[in-house]
file start39.cif (mmCIF, C-alpha atoms)
data_start
loop_
_atom_site.label_atom_id
_atom_site.label_comp_id
_atom_site.auth_asym_id
_atom_site.auth_seq_id
_atom_site.Cartn_x
_atom_site.Cartn_y
_atom_site.Cartn_z
CA MET A 1 66.94 24.46 13.98
CA SER A 2 65.06 21.85 16.01
CA TYR A 3 65.47 18.13 15.40
CA SER A 4 61.65 17.89 15.30
CA TYR A 5 59.06 20.59 14.65
CA LEU A 6 56.49 18.70 16.72
CA SER A 7 53.69 20.93 17.97
CA HIS A 8 50.81 18.97 19.50
CA LEU A 9 48.28 16.18 18.98
CA GLU A 10 44.88 16.87 17.46
CA CYS A 11 41.63 14.94 17.24
CA PRO A 12 40.41 14.85 13.61
CA GLN A 13 36.90 14.15 14.85
CA CYS A 14 36.17 16.80 17.48
CA GLY A 15 39.20 19.09 17.08
CA ASP A 16 40.50 18.83 20.66
CA HIS A 17 44.24 19.36 21.21
CA TYR A 18 46.52 17.28 23.44
CA GLU A 19 50.07 17.71 24.71
CA ALA A 20 52.67 15.63 22.91
CA GLU A 21 55.04 15.63 25.89
CA LYS A 22 53.11 12.93 27.75
CA VAL A 23 51.60 9.54 26.87
CA GLN A 24 48.34 9.94 24.96
CA GLN A 25 46.17 7.21 23.47
CA LEU A 26 42.72 8.02 22.00
CA CYS A 27 40.78 11.26 22.26
CA VAL A 28 38.06 11.32 24.90
CA CYS A 29 35.58 11.09 22.01
CA GLY A 30 37.13 7.76 20.99
CA SER A 31 38.92 8.98 17.86
CA PRO A 32 42.58 8.38 17.01
CA LEU A 33 44.85 11.40 17.48
CA LEU A 34 47.00 12.89 14.73
CA VAL A 35 50.41 14.53 15.18
CA ARG A 36 50.67 18.17 14.16
CA TYR A 37 53.84 20.13 13.41
CA LYS A 38 54.91 23.77 13.30
CA LEU A 39 54.72 23.77 9.51
CA ASP A 40 54.86 27.56 9.09
CA LYS A 41 58.15 27.64 11.00
CA LEU A 42 59.50 24.61 9.14
CA LYS A 43 58.66 26.25 5.83
CA GLU A 44 60.86 29.19 6.81
CA ASP A 45 63.73 27.09 8.20
CA LEU A 46 64.21 24.17 5.81
CA ARG A 47 64.58 23.84 2.06
CA ARG A 48 64.08 20.45 0.46
CA GLU A 49 67.55 20.67 -1.10
CA GLU A 50 69.00 20.39 2.40
CA LEU A 51 67.98 16.72 2.46
CA ASP A 52 70.79 16.00 -0.01
CA GLY A 53 73.60 14.19 1.74
CA ARG A 54 71.51 12.94 4.64
CA LYS A 55 71.37 9.24 5.47
CA ALA A 56 69.19 7.21 3.13
CA ASP A 57 66.68 6.18 5.80
CA LEU A 58 63.35 7.53 6.99
CA TRP A 59 65.02 9.68 9.67
CA ARG A 60 66.24 12.01 6.91
CA TYR A 61 62.81 13.62 7.41
CA HIS A 62 63.27 14.02 11.18
CA GLU A 63 61.83 17.56 11.21
CA LEU A 64 58.50 16.02 10.16
CA LEU A 65 58.71 13.19 12.70
CA PRO A 66 57.69 13.32 16.38
CA VAL A 67 60.94 12.30 18.14
CA VAL A 68 62.30 15.47 19.75
CA ASP A 69 65.71 14.18 20.88
CA GLU A 70 67.83 12.28 18.36
CA ALA A 71 69.23 10.19 21.23
CA ASN A 72 65.85 8.45 21.49
CA VAL A 73 65.82 7.23 17.88
CA VAL A 74 65.57 3.44 17.69
CA THR A 75 66.63 2.34 14.23
CA LEU A 76 67.56 -0.74 12.25
CA GLY A 77 68.23 1.21 9.05
CA GLU A 78 64.62 1.37 7.86
CA GLY A 79 63.36 3.50 4.99
CA MET A 80 64.27 4.79 1.52
CA THR A 81 63.08 1.62 -0.19
CA PRO A 82 63.32 1.37 -4.00
CA LEU A 83 60.74 2.95 -6.28
CA LEU A 84 61.06 0.55 -9.20
CA GLU A 85 59.69 1.19 -12.66
CA LEU A 86 57.98 -1.93 -14.03
CA PRO A 87 57.99 -1.58 -17.84
CA ARG A 88 57.08 -5.17 -18.77
CA LEU A 89 54.22 -5.33 -16.29
CA GLY A 90 53.15 -1.85 -17.37
CA ASP A 91 52.96 -3.05 -20.97
CA ASP A 92 50.82 -5.96 -19.79
CA TYR A 93 48.47 -3.52 -18.04
CA GLY A 94 48.48 -1.01 -20.90
CA LEU A 95 50.21 1.61 -18.72
CA SER A 96 53.24 3.62 -19.79
CA SER A 97 54.43 4.59 -16.30
CA LEU A 98 53.95 1.93 -13.61
CA PHE A 99 56.05 1.94 -10.43
CA MET A 100 56.34 -0.29 -7.37
CA LYS A 101 57.31 1.12 -3.98
CA ASP A 102 58.96 -2.03 -2.64
CA GLU A 103 58.69 -2.33 1.13
CA SER A 104 60.04 -5.89 1.18
CA LEU A 105 63.56 -4.56 1.82
CA VAL A 106 63.03 -2.88 5.19
CA PRO A 107 63.96 -4.63 8.47
CA SER A 108 61.57 -7.49 9.32
CA GLY A 109 60.59 -7.65 5.65
CA SER A 110 57.49 -5.45 5.68
CA PHE A 111 56.41 -1.82 5.80
CA LYS A 112 55.42 -2.36 9.44
CA ALA A 113 59.04 -1.59 10.37
CA ARG A 114 58.39 2.07 9.60
CA GLY A 115 55.57 2.38 12.10
CA ALA A 116 57.49 0.37 14.67
CA ALA A 117 60.65 2.47 14.30
CA VAL A 118 58.87 5.76 14.95
CA GLY A 119 56.30 4.35 17.37
CA VAL A 120 58.88 2.61 19.56
CA SER A 121 61.26 5.58 19.40
CA LYS A 122 58.55 7.94 20.66
CA ALA A 123 57.44 5.41 23.29
CA LYS A 124 61.04 5.31 24.53
CA GLU A 125 61.15 9.12 24.62
CA LEU A 126 57.94 9.17 26.66
CA GLY A 127 59.37 6.69 29.17
CA VAL A 128 57.28 3.65 28.20
CA LYS A 129 58.62 0.40 29.68
CA LYS A 130 55.93 -2.08 28.60
CA LEU A 131 53.59 -2.12 25.59
CA ALA A 132 50.97 -4.46 24.14
CA MET A 133 49.28 -4.89 20.77
CA PRO A 134 47.17 -7.25 18.66
CA THR A 135 48.48 -8.11 15.20
CA ASN A 136 47.88 -10.16 12.08
CA GLY A 137 51.60 -10.95 12.06
CA ASN A 138 54.00 -8.45 10.50
CA ALA A 139 53.22 -5.52 12.79
CA GLY A 140 53.74 -7.67 15.86
CA ALA A 141 57.03 -8.96 14.48
CA ALA A 142 58.27 -5.43 13.79
CA TRP A 143 57.19 -3.97 17.13
CA ALA A 144 58.67 -6.93 19.01
CA LEU A 145 62.04 -6.51 17.27
CA TYR A 146 62.20 -2.73 17.72
CA SER A 147 61.01 -3.04 21.33
CA ALA A 148 63.83 -5.48 21.98
CA ARG A 149 66.33 -2.96 20.58
CA ALA A 150 64.81 -0.24 22.76
CA GLY A 151 64.71 -2.35 25.94
CA ILE A 152 60.90 -2.25 26.10
CA GLU A 153 58.87 -5.33 27.06
CA ALA A 154 56.29 -6.19 24.39
CA THR A 155 53.16 -8.32 24.72
CA ILE A 156 51.88 -9.51 21.35
CA VAL A 157 48.57 -11.32 20.68
CA MET A 158 47.89 -12.71 17.21
CA PRO A 159 45.45 -15.12 15.54
CA GLN A 160 46.47 -18.76 15.72
CA ASP A 161 46.73 -19.02 11.93
CA ALA A 162 48.99 -15.96 11.57
CA PRO A 163 52.06 -16.65 9.39
CA LYS A 164 54.52 -18.89 11.26
CA ILE A 165 57.51 -16.75 10.36
CA THR A 166 56.05 -13.70 12.09
CA ARG A 167 55.26 -15.77 15.17
CA SER A 168 58.90 -16.88 15.26
CA GLU A 169 60.14 -13.29 14.96
CA VAL A 170 58.05 -12.23 17.94
CA ALA A 171 59.18 -15.17 20.07
CA LEU A 172 62.86 -14.79 19.19
CA ALA A 173 62.71 -11.08 20.06
CA GLY A 174 61.78 -12.07 23.61
CA ALA A 175 58.26 -10.65 23.53
CA ARG A 176 55.37 -12.26 25.42
CA LEU A 177 53.58 -14.03 22.56
CA TYR A 178 50.00 -15.30 22.79
CA LEU A 179 47.84 -16.89 20.09
CA VAL A 180 44.06 -16.65 19.93
CA ASN A 181 41.67 -18.98 18.16
CA GLY A 182 40.02 -16.13 16.26
CA LEU A 183 40.63 -12.93 14.27
CA ILE A 184 42.64 -9.79 14.97
CA SER A 185 39.45 -8.25 16.38
CA ASP A 186 39.40 -11.03 19.00
CA ALA A 187 43.08 -10.44 19.75
CA GLY A 188 42.27 -6.75 20.18
CA LYS A 189 39.74 -7.47 22.92
CA ILE A 190 42.34 -9.49 24.84
CA VAL A 191 44.91 -6.70 24.52
CA ALA A 192 42.37 -4.09 25.66
CA ARG A 193 41.76 -6.11 28.82
CA GLU A 194 45.50 -6.52 29.46
CA VAL A 195 46.05 -2.78 28.95
CA ALA A 196 43.24 -1.94 31.37
CA ASP A 197 44.36 -4.45 34.02
CA LYS A 198 48.09 -3.75 33.96
CA GLY A 199 48.41 -0.18 32.69
CA LEU A 200 50.41 -1.11 29.59
CA TYR A 201 51.02 1.28 26.71
CA ASP A 202 48.47 0.36 24.04
CA ALA A 203 50.32 0.09 20.72
CA SER A 204 47.24 -1.16 18.83
CA THR A 205 46.65 0.31 15.39
CA LEU A 206 45.86 4.02 15.77
CA LYS A 207 45.42 3.76 19.55
CA GLU A 208 48.75 5.56 19.79
CA PRO A 209 49.46 8.51 17.47
CA TYR A 210 52.96 7.69 16.23
CA ARG A 211 52.76 4.55 14.09
CA ILE A 212 51.11 6.64 11.39
CA GLU A 213 54.09 9.02 11.40
CA GLY A 214 56.41 6.18 10.47
CA LYS A 215 54.05 4.98 7.75
CA LYS A 216 53.73 8.47 6.27
CA THR A 217 57.42 8.37 5.31
CA MET A 218 56.39 6.15 2.38
CA GLY A 219 54.63 9.21 0.98
CA LEU A 220 57.58 11.48 1.71
CA GLU A 221 59.93 9.09 -0.08
CA ILE A 222 57.66 8.67 -3.12
CA ALA A 223 57.56 12.46 -3.53
CA GLU A 224 61.34 12.80 -3.25
CA GLN A 225 62.04 9.82 -5.51
CA LEU A 226 59.79 11.31 -8.22
CA GLY A 227 61.67 14.61 -8.11
CA TRP A 228 59.08 16.32 -5.92
CA GLU A 229 56.31 15.65 -8.41
CA MET A 230 53.18 13.74 -7.51
CA PRO A 231 52.01 10.61 -9.32
CA ASP A 232 48.47 10.45 -10.65
CA VAL A 233 47.41 7.35 -8.70
CA ILE A 234 48.66 5.51 -5.61
CA LEU A 235 47.24 2.06 -4.78
CA TYR A 236 47.56 0.68 -1.28
CA PRO A 237 46.49 -2.68 0.24
CA THR A 238 44.19 -1.66 3.09
CA GLY A 239 43.49 -3.46 6.35
CA GLY A 240 43.78 -1.01 9.22
CA GLY A 241 44.59 1.60 6.58
CA VAL A 242 47.34 3.39 8.50
CA GLY A 243 49.65 3.47 5.50
CA LEU A 244 47.03 5.11 3.28
CA ILE A 245 46.17 7.64 5.98
CA GLY A 246 49.88 8.32 6.46
CA ILE A 247 50.64 8.81 2.77
CA TYR A 248 47.75 11.26 2.49
CA LYS A 249 48.99 13.13 5.58
CA ALA A 250 52.54 13.26 4.21
CA LEU A 251 51.50 14.75 0.88
CA GLN A 252 49.30 17.33 2.60
CA GLU A 253 52.19 18.39 4.84
CA LEU A 254 54.57 18.63 1.87
CA LYS A 255 52.09 20.88 0.06
CA GLU A 256 51.73 23.07 3.14
CA ILE A 257 55.48 23.67 3.41
CA GLY A 258 55.71 24.35 -0.32
CA TRP A 259 57.66 21.27 -1.37
CA LEU A 260 54.87 19.94 -3.60
CA GLU A 261 52.44 21.66 -5.93
CA GLY A 262 49.34 20.65 -7.80
CA ARG A 263 46.62 18.11 -7.30
CA LEU A 264 47.09 15.21 -4.91
CA PRO A 265 47.19 11.71 -6.44
CA ARG A 266 43.98 9.69 -6.47
CA LEU A 267 44.30 7.25 -3.57
CA VAL A 268 42.96 3.72 -3.98
CA ALA A 269 42.17 1.49 -1.00
CA VAL A 270 42.52 -2.15 -2.06
CA GLN A 271 40.88 -4.96 -0.10
CA ALA A 272 40.11 -8.66 -0.50
CA GLU A 273 36.66 -9.82 -1.57
CA GLY A 274 36.54 -11.91 1.61
CA CYS A 275 37.08 -8.83 3.81
CA ALA A 276 36.05 -5.56 2.18
CA PRO A 277 34.38 -3.25 4.73
CA ILE A 278 36.06 -0.12 3.33
CA VAL A 279 34.99 -0.99 -0.22
CA LYS A 280 31.39 -1.53 0.88
CA ALA A 281 31.37 1.80 2.74
CA TRP A 282 32.84 3.62 -0.27
CA GLU A 283 30.28 2.11 -2.62
CA GLU A 284 27.55 3.28 -0.24
CA LYS A 285 29.18 6.75 0.14
CA ALA A 286 29.30 6.18 3.90
CA GLU A 287 31.63 7.93 6.32
CA ARG A 288 32.41 4.77 8.30
CA SER A 289 32.47 1.06 7.61
CA GLU A 290 30.48 -1.74 9.19
CA PHE A 291 31.99 -4.82 10.82
CA TRP A 292 32.61 -7.50 8.16
CA PRO A 293 31.43 -10.87 9.51
CA ASP A 294 33.25 -14.16 8.80
CA SER A 295 36.15 -12.41 7.06
CA GLU A 296 38.62 -14.62 5.22
CA THR A 297 41.46 -14.04 2.75
CA ALA A 298 44.91 -15.39 1.92
CA ALA A 299 46.21 -11.83 2.24
CA PHE A 300 46.38 -12.10 6.01
CA GLY A 301 47.61 -8.56 6.56
CA ILE A 302 44.41 -7.02 5.20
CA ASN A 303 42.02 -9.33 7.03
CA VAL A 304 40.69 -6.55 9.27
CA PRO A 305 36.90 -6.71 9.71
CA LYS A 306 36.59 -3.22 11.19
CA ALA A 307 39.31 -0.56 11.22
CA LEU A 308 39.39 2.05 13.99
CA GLY A 309 40.53 4.66 11.47
CA ASP A 310 38.06 3.71 8.73
CA PHE A 311 36.68 7.27 8.59
CA LEU A 312 40.19 8.61 7.95
CA VAL A 313 40.78 6.10 5.15
CA LEU A 314 37.49 6.98 3.52
CA LYS A 315 38.16 10.70 3.89
CA ALA A 316 41.51 10.31 2.10
CA VAL A 317 39.82 8.40 -0.72
CA TYR A 318 36.91 10.84 -1.05
CA GLU A 319 39.04 14.00 -0.90
CA THR A 320 41.42 12.79 -3.61
CA ASP A 321 38.64 11.51 -5.91
CA GLY A 322 40.06 8.05 -5.34
CA ALA A 323 38.38 4.67 -5.12
CA ALA A 324 38.07 1.49 -3.08
CA ILE A 325 38.18 -1.86 -4.85
CA ALA A 326 38.16 -5.52 -3.84
CA VAL A 327 39.95 -8.37 -5.58
CA SER A 328 39.67 -12.13 -5.17
CA ASP A 329 42.33 -14.39 -3.68
CA ALA A 330 42.60 -16.08 -7.08
CA GLU A 331 43.36 -12.73 -8.73
CA MET A 332 46.04 -12.02 -6.11
CA SER A 333 47.69 -15.38 -6.74
CA LEU A 334 47.75 -14.89 -10.50
CA GLU A 335 49.20 -11.38 -10.12
CA GLN A 336 51.85 -12.55 -7.66
CA ALA A 337 53.08 -15.12 -10.19
CA LYS A 338 52.94 -12.68 -13.12
CA ILE A 339 55.03 -10.05 -11.31
CA ALA A 340 57.65 -12.66 -10.42
CA ARG A 341 57.84 -13.85 -14.04
CA LEU A 342 57.82 -10.44 -15.69
CA GLU A 343 59.74 -8.32 -13.21
CA GLY A 344 61.62 -10.74 -10.95
CA SER A 345 59.94 -9.60 -7.72
CA PHE A 346 58.45 -12.08 -5.23
CA ILE A 347 55.90 -9.86 -3.52
CA CYS A 348 53.52 -10.53 -0.65
CA PRO A 349 49.82 -11.40 -1.18
CA GLU A 350 48.76 -7.95 0.01
CA GLY A 351 51.00 -6.27 -2.55
CA ALA A 352 49.68 -8.65 -5.19
CA ALA A 353 46.16 -7.52 -4.29
CA ALA A 354 47.13 -3.91 -5.02
CA PHE A 355 48.60 -4.89 -8.39
CA ALA A 356 45.50 -6.93 -9.26
CA ALA A 357 43.45 -3.81 -8.51
CA ALA A 358 45.70 -1.70 -10.74
CA ARG A 359 45.11 -4.16 -13.58
CA LYS A 360 41.34 -3.98 -13.10
CA LEU A 361 41.29 -0.18 -12.96
CA ALA A 362 43.49 0.10 -16.05
CA GLN A 363 41.29 -2.31 -17.96
CA ASN A 364 38.08 -0.46 -17.11
CA GLY A 365 39.60 2.94 -17.96
CA TRP A 366 39.60 4.43 -14.46
CA ILE A 367 43.40 4.62 -14.77
CA LYS A 368 44.41 6.19 -18.09
CA PRO A 369 47.27 4.68 -20.15
CA ASP A 370 49.55 7.71 -19.78
CA GLU A 371 49.04 8.27 -16.05
CA ARG A 372 51.87 7.75 -13.59
CA VAL A 373 50.87 4.99 -11.17
CA VAL A 374 52.55 3.88 -7.92
CA VAL A 375 51.60 0.55 -6.33
CA LEU A 376 52.71 -0.33 -2.80
CA ASN A 377 54.15 -3.77 -2.20
CA THR A 378 54.00 -3.91 1.56
CA GLY A 379 56.21 -6.92 2.23
CA ALA A 380 58.37 -9.81 1.11
CA GLY A 381 56.75 -12.84 -0.47
CA ILE A 382 59.20 -15.10 1.35
CA LYS A 383 57.39 -14.29 4.61
CA TYR A 384 54.40 -16.21 3.20
CA PRO A 385 55.95 -19.51 2.05
CA ASP A 386 52.58 -21.27 2.04
CA SER A 387 51.10 -18.76 -0.41
CA VAL A 388 52.76 -20.54 -3.35
CA GLN A 389 52.38 -24.24 -4.07
CA ILE A 390 54.80 -25.93 -6.49
CA ASP A 391 55.47 -29.51 -7.53
CA PRO A 392 58.73 -29.68 -9.52
CA PRO A 393 59.88 -33.01 -11.02
CA LEU A 394 62.33 -35.03 -8.89
CA LEU A 395 65.51 -36.22 -10.57
CA GLU A 396 67.34 -39.30 -9.35
CA ILE A 397 71.11 -39.24 -9.01
CA GLY A 398 72.60 -39.73 -12.45
CA GLU A 399 69.43 -38.66 -14.28
CA PHE A 400 69.51 -35.77 -16.74
CA ILE A 401 66.86 -33.27 -17.76
#

call {"tool": "encode", "arguments": {"input": "start39.cif", "output": "structure tokens"}}
result
Amino acid sequence: MSYSYLSHLECPQCGDHYEAEKVQQLCVCGSPLLVRYKLDKLKEDLRREELDGRKADLWRYHELLPVVDEANVVTLGEGMTPLLELPRLGDDYGLSSLFMKDESLVPSGSFKARGAAVGVSKAKELGVKKLAMPTNGNAGAAWALYSARAGIEATIVMPQDAPKITRSEVALAGARLYLVNGLISDAGKIVAREVADKGLYDASTLKEPYRIEGKKTMGLEIAEQLGWEMPDVILYPTGGGVGLIGIYKALQELKEIGWLEGRLPRLVAVQAEGCAPIVKAWEEKAERSEFWPDSETAAFGINVPKALGDFLVLKAVYETDGAAIAVSDAEMSLEQAKIARLEGSFICPEGAAAFAAARKLAQNGWIKPDERVVVLNTGAGIKYPDSVQIDPPLLEIGEFI
């Protein structure tokens, strides 16, 4: 058996194929490329029971990942995060089966470690020495840390008001860190120029094909953790949307190799009211989104005015009879506090947005009380210390409560 059943890269827009043995970025038509595998052969060679006993990390699914030689794997132990049942919060929502896929426990404290692990590993395998990317914070932190472990030089450009902790992670990892007085879209223009001028590997969202393969392992894990049964609904906080695209791709691949049966879960793209281009496109039944001007939200990770893979996000939502919904920053804040009080989890603002959306959809009947619902918390709340304001009473020495 092969370590990976990698076949080729394919353009989902025009259908062109590309070799996976050399560096590839976008298709000539401008679309992101997707990784394809020899699924018919894998179906013959591997039974899902053979996963038993493998390491509890995302590399347990190496046959469905693009790294051909195990020696090129760059890992910090990422993957196999808890799928926690939330009974008290479920009661509050009127749902009998509510779960949280908790990505706060991966290296660097966010789901971005998955994309970085696979993306950097494949970059190493392809001989990449220098890469560059724009980021809202967590992705840059993860790619800087994994690049350091791989011996790859990283150039990271992020908005000036990106979370301070993520800026520190990038700097401490030895990456070339630059701040821009603008949004991630402005950072992207700077990176594009740097890539063009210096021939760097462009690790921007979906401008390389492999980040999505790391993100898809969230879908693989959810399926395995639910005993190879699919939930009814999966809610995902959506900025660039790579995680949602990846989960959809994972479930499709599992169906094709016979490890899953039945209808795919309804996928929900969750955005902030201050930056909701995917929601607007979905409401208009459009295939692509429009640039969202003057975007602003406390959930910094989903402040993406225009996603390169918007058409893939919308396709996943449409083809699963899903939905796209926006929530306010105030709703996120209330949900973040409620989850901490009821379930003891300090989640990130983006995760809180997804839970606020689950509450709305349960209340309006779109999610039925007996449906099994999985909500993605994409990072640790402690990475956003300014998202919570408290003013506890101060006791003097010798005072009592």

call {"tool": "closest_residue", "arguments": {"input": "start39.cif", "among": "A:Pro265, A:Pro159, A:Pro385, A:Pro305", "to": "Lys280 in chain A", "atoms": "all atoms listed in the file"}}
result
A:Pro305

call {"tool": "resolve_selection", "arguments": {"input": "start39.cif", "expression": "the PyMOL selection byres ((chain A and resi 386) around 12)", "output": "list in words"}}
result
Asp161, Ala162, Pro163, Lys164, Ile165, Ala298, Ala299, Phe300, Ser333, Cys348, Pro349, Gly381, Ile382, Lys383, Tyr384, Pro385, Ser387, Val388, Gln389 and Ile390 of chain A

call {"tool": "residues_around", "arguments": {"input": "start39.cif", "residues": "Leu34 in chain A", "least_positions_apart": "6", "cutoff": "8 Å", "atoms": "only C-alpha atoms", "output": "list in words"}}
result
Leu9, Glu10, Cys11, Pro12 and Pro209 of chain A

call {"tool": "closest_residue", "arguments": {"input": "start39.cif", "among": "A:Thr217, A:Tyr210, A:Ala330, A:Ala154", "to": "His62 in chain A", "atoms": "all atoms listed in the file"}}
result
A:Thr217

call {"tool": "residues_around", "arguments": {"input": "start39.cif", "residues": "Phe346 in chain A", "least_positions_apart": "6", "cutoff": "10 Å", "atoms": "only C-alpha atoms", "output": "PyMOL selection string"}}
result
chain A and resi 104+336-340+352+377+379-382

call {"tool": "atom_distance", "arguments": {"input": "start39.cif", "atom1": "CA of Asp310 in chain A", "atom2": "CA of Met100 in chain A"}}
result
24.7 Å

call {"tool": "residues_around", "arguments": {"input": "start39.cif", "residues": "Leu179 in chain A", "least_positions_apart": "6", "cutoff": "12 Å", "atoms": "all atoms listed in the file", "output": "PyMOL selection string"}}
result
chain A and resi 134-137+140+155-164+166-167+170-171+186-188+190-191

call {"tool": "write_last_selection", "arguments": {"input": "start39.cif", "atoms": "C-alpha atoms", "output": "short mmCIF file (atom, residue, chain, number, x, y, z; two decimals), in the frame of the given file"}}
result
data_model
loop_
_atom_site.label_atom_id
_atom_site.label_comp_id
_atom_site.auth_asym_id
_atom_site.auth_seq_id
_atom_site.Cartn_x
_atom_site.Cartn_y
_atom_site.Cartn_z
CA PRO A 134 47.17 -7.25 18.66
CA THR A 135 48.48 -8.11 15.20
CA ASN A 136 47.88 -10.16 12.08
CA GLY A 137 51.60 -10.95 12.06
CA GLY A 140 53.74 -7.67 15.86
CA THR A 155 53.16 -8.32 24.72
CA ILE A 156 51.88 -9.51 21.35
CA VAL A 157 48.57 -11.32 20.68
CA MET A 158 47.89 -12.71 17.21
CA PRO A 159 45.45 -15.12 15.54
CA GLN A 160 46.47 -18.76 15.72
CA ASP A 161 46.73 -19.02 11.93
CA ALA A 162 48.99 -15.96 11.57
CA PRO A 163 52.06 -16.65 9.39
CA LYS A 164 54.52 -18.89 11.26
CA THR A 166 56.05 -13.70 12.09
CA ARG A 167 55.26 -15.77 15.17
CA VAL A 170 58.05 -12.23 17.94
CA ALA A 171 59.18 -15.17 20.07
CA ASP A 186 39.40 -11.03 19.00
CA ALA A 187 43.08 -10.44 19.75
CA GLY A 188 42.27 -6.75 20.18
CA ILE A 190 42.34 -9.49 24.84
CA VAL A 191 44.91 -6.70 24.52
#

call {"tool": "resolve_selection", "arguments": {"input": "start39.cif", "expression": "the PyMOL selection byres ((chain A and resi 42) around 9)", "output": "mmCIF file with C-alpha atoms, in the frame of the given file"}}
result
data_model
loop_
_atom_site.group_PDB
_atom_site.id
_atom_site.type_symbol
_atom_site.label_atom_id
_atom_site.label_comp_id
_atom_site.auth_asym_id
_atom_site.auth_seq_id
_atom_site.Cartn_x
_atom_site.Cartn_y
_atom_site.Cartn_z
ATOM 1 C CA MET A 1 66.940 24.460 13.980
ATOM 2 C CA TYR A 5 59.060 20.590 14.650
ATOM 3 C CA TYR A 37 53.840 20.130 13.410
ATOM 4 C CA LYS A 38 54.910 23.770 13.300
ATOM 5 C CA LEU A 39 54.720 23.770 9.510
ATOM 6 C CA ASP A 40 54.860 27.560 9.090
ATOM 7 C CA LYS A 41 58.150 27.640 11.000
ATOM 8 C CA LYS A 43 58.660 26.250 5.830
ATOM 9 C CA GLU A 44 60.860 29.190 6.810
ATOM 10 C CA ASP A 45 63.730 27.090 8.200
ATOM 11 C CA LEU A 46 64.210 24.170 5.810
ATOM 12 C CA ARG A 47 64.580 23.840 2.060
ATOM 13 C CA GLU A 63 61.830 17.560 11.210
ATOM 14 C CA LEU A 64 58.500 16.020 10.160
ATOM 15 C CA ILE A 257 55.480 23.670 3.410
#

call {"tool": "atom_distance", "arguments": {"input": "start39.cif", "atom1": "CA of Asp69 in chain A", "atom2": "CA of Ser4 in chain A"}}
result
7.8 Å

call {"tool": "closest_residue", "arguments": {"input": "start39.cif", "among": "A:Gly344, A:Gly115, A:Gly90, A:Gly301", "to": "Ser204 in chain A", "atoms": "all atoms listed in the file"}}
result
A:Gly115

call {"tool": "resolve_selection", "arguments": {"input": "start39.cif", "expression": "the PyMOL selection byres ((chain A and resi 226) around 12)", "output": "mmCIF file with C-alpha atoms, in the coordinates of the input"}}
result
data_model
loop_
_atom_site.group_PDB
_atom_site.id
_atom_site.type_symbol
_atom_site.label_atom_id
_atom_site.label_comp_id
_atom_site.auth_asym_id
_atom_site.auth_seq_id
_atom_site.Cartn_x
_atom_site.Cartn_y
_atom_site.Cartn_z
ATOM 1 C CA PRO A 82 63.320 1.370 -4.000
ATOM 2 C CA LEU A 83 60.740 2.950 -6.280
ATOM 3 C CA LEU A 84 61.060 0.550 -9.200
ATOM 4 C CA GLU A 85 59.690 1.190 -12.660
ATOM 5 C CA SER A 97 54.430 4.590 -16.300
ATOM 6 C CA PHE A 99 56.050 1.940 -10.430
ATOM 7 C CA LYS A 101 57.310 1.120 -3.980
ATOM 8 C CA GLY A 219 54.630 9.210 0.980
ATOM 9 C CA LEU A 220 57.580 11.480 1.710
ATOM 10 C CA GLU A 221 59.930 9.090 -0.080
ATOM 11 C CA ILE A 222 57.660 8.670 -3.120
ATOM 12 C CA ALA A 223 57.560 12.460 -3.530
ATOM 13 C CA GLU A 224 61.340 12.800 -3.250
ATOM 14 C CA GLN A 225 62.040 9.820 -5.510
ATOM 15 C CA GLY A 227 61.670 14.610 -8.110
ATOM 16 C CA TRP A 228 59.080 16.320 -5.920
ATOM 17 C CA GLU A 229 56.310 15.650 -8.410
ATOM 18 C CA MET A 230 53.180 13.740 -7.510
ATOM 19 C CA PRO A 231 52.010 10.610 -9.320
ATOM 20 C CA ASP A 232 48.470 10.450 -10.650
ATOM 21 C CA LEU A 260 54.870 19.940 -3.600
ATOM 22 C CA ARG A 372 51.870 7.750 -13.590
ATOM 23 C CA VAL A 373 50.870 4.990 -11.170
ATOM 24 C CA VAL A 374 52.550 3.880 -7.920
#

call {"tool": "axis_aligned_box", "arguments": {"input": "start39.cif", "around": "range 4-22 of chain A", "padding_each_side": "8 Å", "output": "JSON"}}
result
{"center_x": 48.9, "center_y": 16.9, "center_z": 20.7, "size_x": 41.5, "size_y": 24.0, "size_z": 30.1}

call {"tool": "residues_around", "arguments": {"input": "start39.cif", "residues": "Lys207 in chain A", "least_positions_apart": "2", "cutoff": "9 Å", "atoms": "all atoms listed in the file", "output": "number ranges by chain"}}
result
A: 24-26, 31-33, 202-205, 209, 308

call {"tool": "write_last_selection", "arguments": {"input": "start39.cif", "atoms": "C-alpha atoms", "output": "short mmCIF file (atom, residue, chain, number, x, y, z; two decimals), in the coordinates of the input"}}
result
data_model
loop_
_atom_site.label_atom_id
_atom_site.label_comp_id
_atom_site.auth_asym_id
_atom_site.auth_seq_id
_atom_site.Cartn_x
_atom_site.Cartn_y
_atom_site.Cartn_z
CA GLN A 24 48.34 9.94 24.96
CA GLN A 25 46.17 7.21 23.47
CA LEU A 26 42.72 8.02 22.00
CA SER A 31 38.92 8.98 17.86
CA PRO A 32 42.58 8.38 17.01
CA LEU A 33 44.85 11.40 17.48
CA ASP A 202 48.47 0.36 24.04
CA ALA A 203 50.32 0.09 20.72
CA SER A 204 47.24 -1.16 18.83
CA THR A 205 46.65 0.31 15.39
CA PRO A 209 49.46 8.51 17.47
CA LEU A 308 39.39 2.05 13.99
#

call {"tool": "closest_residue", "arguments": {"input": "start39.cif", "among": "A:Arg48, A:Arg176, A:Lys360, A:Lys306", "to": "Gly239 in chain A", "atoms": "all atoms listed in the file"}}
result
A:Lys306

call {"tool": "closest_residue", "arguments": {"input": "start39.cif", "among": "A:Asn181, A:Thr81, A:Ser121, A:Asn364", "to": "Arg211 in chain A", "atoms": "all atoms listed in the file"}}
result
A:Ser121
